[in-house]
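*Asks:* Encoded as structure tokens, here's the structure I'll be asking about.
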Amino acid sequence: MADWSELRERCMNCRSCALCTTRHNVVFGVGNPNADVLFVGEGPGEQEDLKGEPFVGAAGKLLDDMLSIIDLDRSKNCYIANIVKCRPPQNRDPLETEQDACIGYLREQIQLIRPKILVCLGRIAAMRLIREDYRITREHGQWVEKDGIWMTAIYHPSALLRDLSKRPETFDDLISLREKMTELGISPE
């Protein structure tokens, strides 16, 4: 298994799909590499592509606010990554071929982090990591255990910016996440 620097280097030089031709930056991930909680989105947007860090635009600000509700912080006690590491043009959903080309990097990140909890941010991540036919509107906040990792999905912060009516459900999902952390002995400290 690779170490962090070797994995990052391979990822930064990746040319496995066409997204490499339009990217400004590879968006590898951010946070504590020893975190017990890993958040995974679908892919970088425009601001993330420009800065090289996941969730830095308006959706990132909302995600940071959501994390603070349950005493998580991207710089201290969780890790944030994406399925694909390069921005799909016009922020479209990443194609299956693009996900296939990039999923190995995420799998290696998961192996290095060894999280107890993985939270999918949105339906694309949930369909890739939990189950192909995952229905975010029906199943968000529900827990499944896969390969010793507790997984759930919540609405993507971008969806919450577009549809304020989903926020109360997401608040409940965050409380459920905090309860799962407590159950598994995960302290935010």
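We label chains A, B, ... in the order they appear in the structure tokens, count residues from 1 in each chain, and number ligands from 1 in the order shown.
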Neighbours of stretch 42-49 of chain A within 12 Å (only C-alpha atoms; same-chain residues fewer than 5 positions away dropped), as a ChimeraX atom specification?

*Replies:* /A:19-20,22-30,54-61,80-96,98-99,102-103,106,119-129,153,155-158

*Asks:* Using only C-alpha atoms, determine which residues lie at most 9 Å from A:Glu139, disregarding the query and same-chain residues fewer than 5 positions distant; provide the list as a list in words.

*Replies:*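 My list of contacting residues is Tyr134, Thr152, Ala153 and Ile154 of chain A.
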
*Asks:* Grab the atom CA of A:Ile175 to atom CA of A:Gly31 distance for me, in Å with one decimal place.

*Replies:*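 Going from atom CA of A:Ile175 over to atom CA of A:Gly31 covers 21.2 Å.
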
*Asks:* Sort by chain and increasing residue number a table of all residues of stretch 42-90 of chain A within 9 Å of stretch 180-188 of chain A, each with its closest pair of atoms and their distance in Å to one decimal, counting only C-alpha atoms, and write it as a Markdown table.

*Replies:*
```
| residue | atom | partner | partner_atom | distance |
| --- | --- | --- | --- | --- |
| A:Ile70 | CA | A:Pro188 | CA | 8.2 |
| A:Asp71 | CA | A:Pro188 | CA | 5.9 |
| A:Leu72 | CA | A:Pro188 | CA | 6.2 |
| A:Asp73 | CA | A:Pro188 | CA | 8.7 |
| A:Lys76 | CA | A:Pro188 | CA | 8.7 |
| A:Asn77 | CA | A:Pro188 | CA | 6.4 |
| A:Cys78 | CA | A:Pro188 | CA | 8.8 |
```

*Asks:* Please indicate the distance in Å from atom CA of A:Glu145 to atom CA of A:Thr170, rounded to one decimal place.

*Replies:* 20.2 Å

*Asks:* Could you jot down the atom CA of A:Arg131 to atom CA of A:Glu108 separation for me, Å, one decimal place?

*Replies:*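 Here the two named atoms are 19.3 Å from each other.
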
*Asks:* DSSP says strand (DSSP E) for which residues of chain A? Put them as a list of chain:residue names?

*Replies:*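 Everything in chain A that counts as strand (DSSP E) is A:Val30, A:Gly31, A:Val37, A:Leu38, A:Phe39, A:Val40, A:Gly41, A:Tyr79, A:Ile80, A:Ala81, A:Asn82, A:Ile117, A:Leu118, A:Val119, A:Cys120, A:Leu121, A:Val144, A:Glu145, A:Lys146, A:Ile149, A:Trp150, A:Met151, A:Thr152, A:Ala153, A:Ile154.
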
*Asks:* Between A:Ala2, A:Val37, A:Val144, A:Ile69, which is the closest to A:Asp172 once you count only C-alpha atoms?

*Replies:*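 Among the listed residues, the smallest separation from A:Asp172 belongs to A:Ile69.
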
*Asks:* Looking at only C-alpha atoms, which of A:Met12, A:Cys17, A:Ala35, A:Leu62 is the one that sits closest to A:Leu112?

*Replies:* A:Ala35

*Asks:* Tell me which protein, DNA and RNA residues are within 12 Å of A:Asp3, counting only C-alpha atoms, leaving out same-chain ones fewer than 3 positions away, and put them as a ChimeraX atom specification.

*Replies:* /A:6-10,33,105,108-113
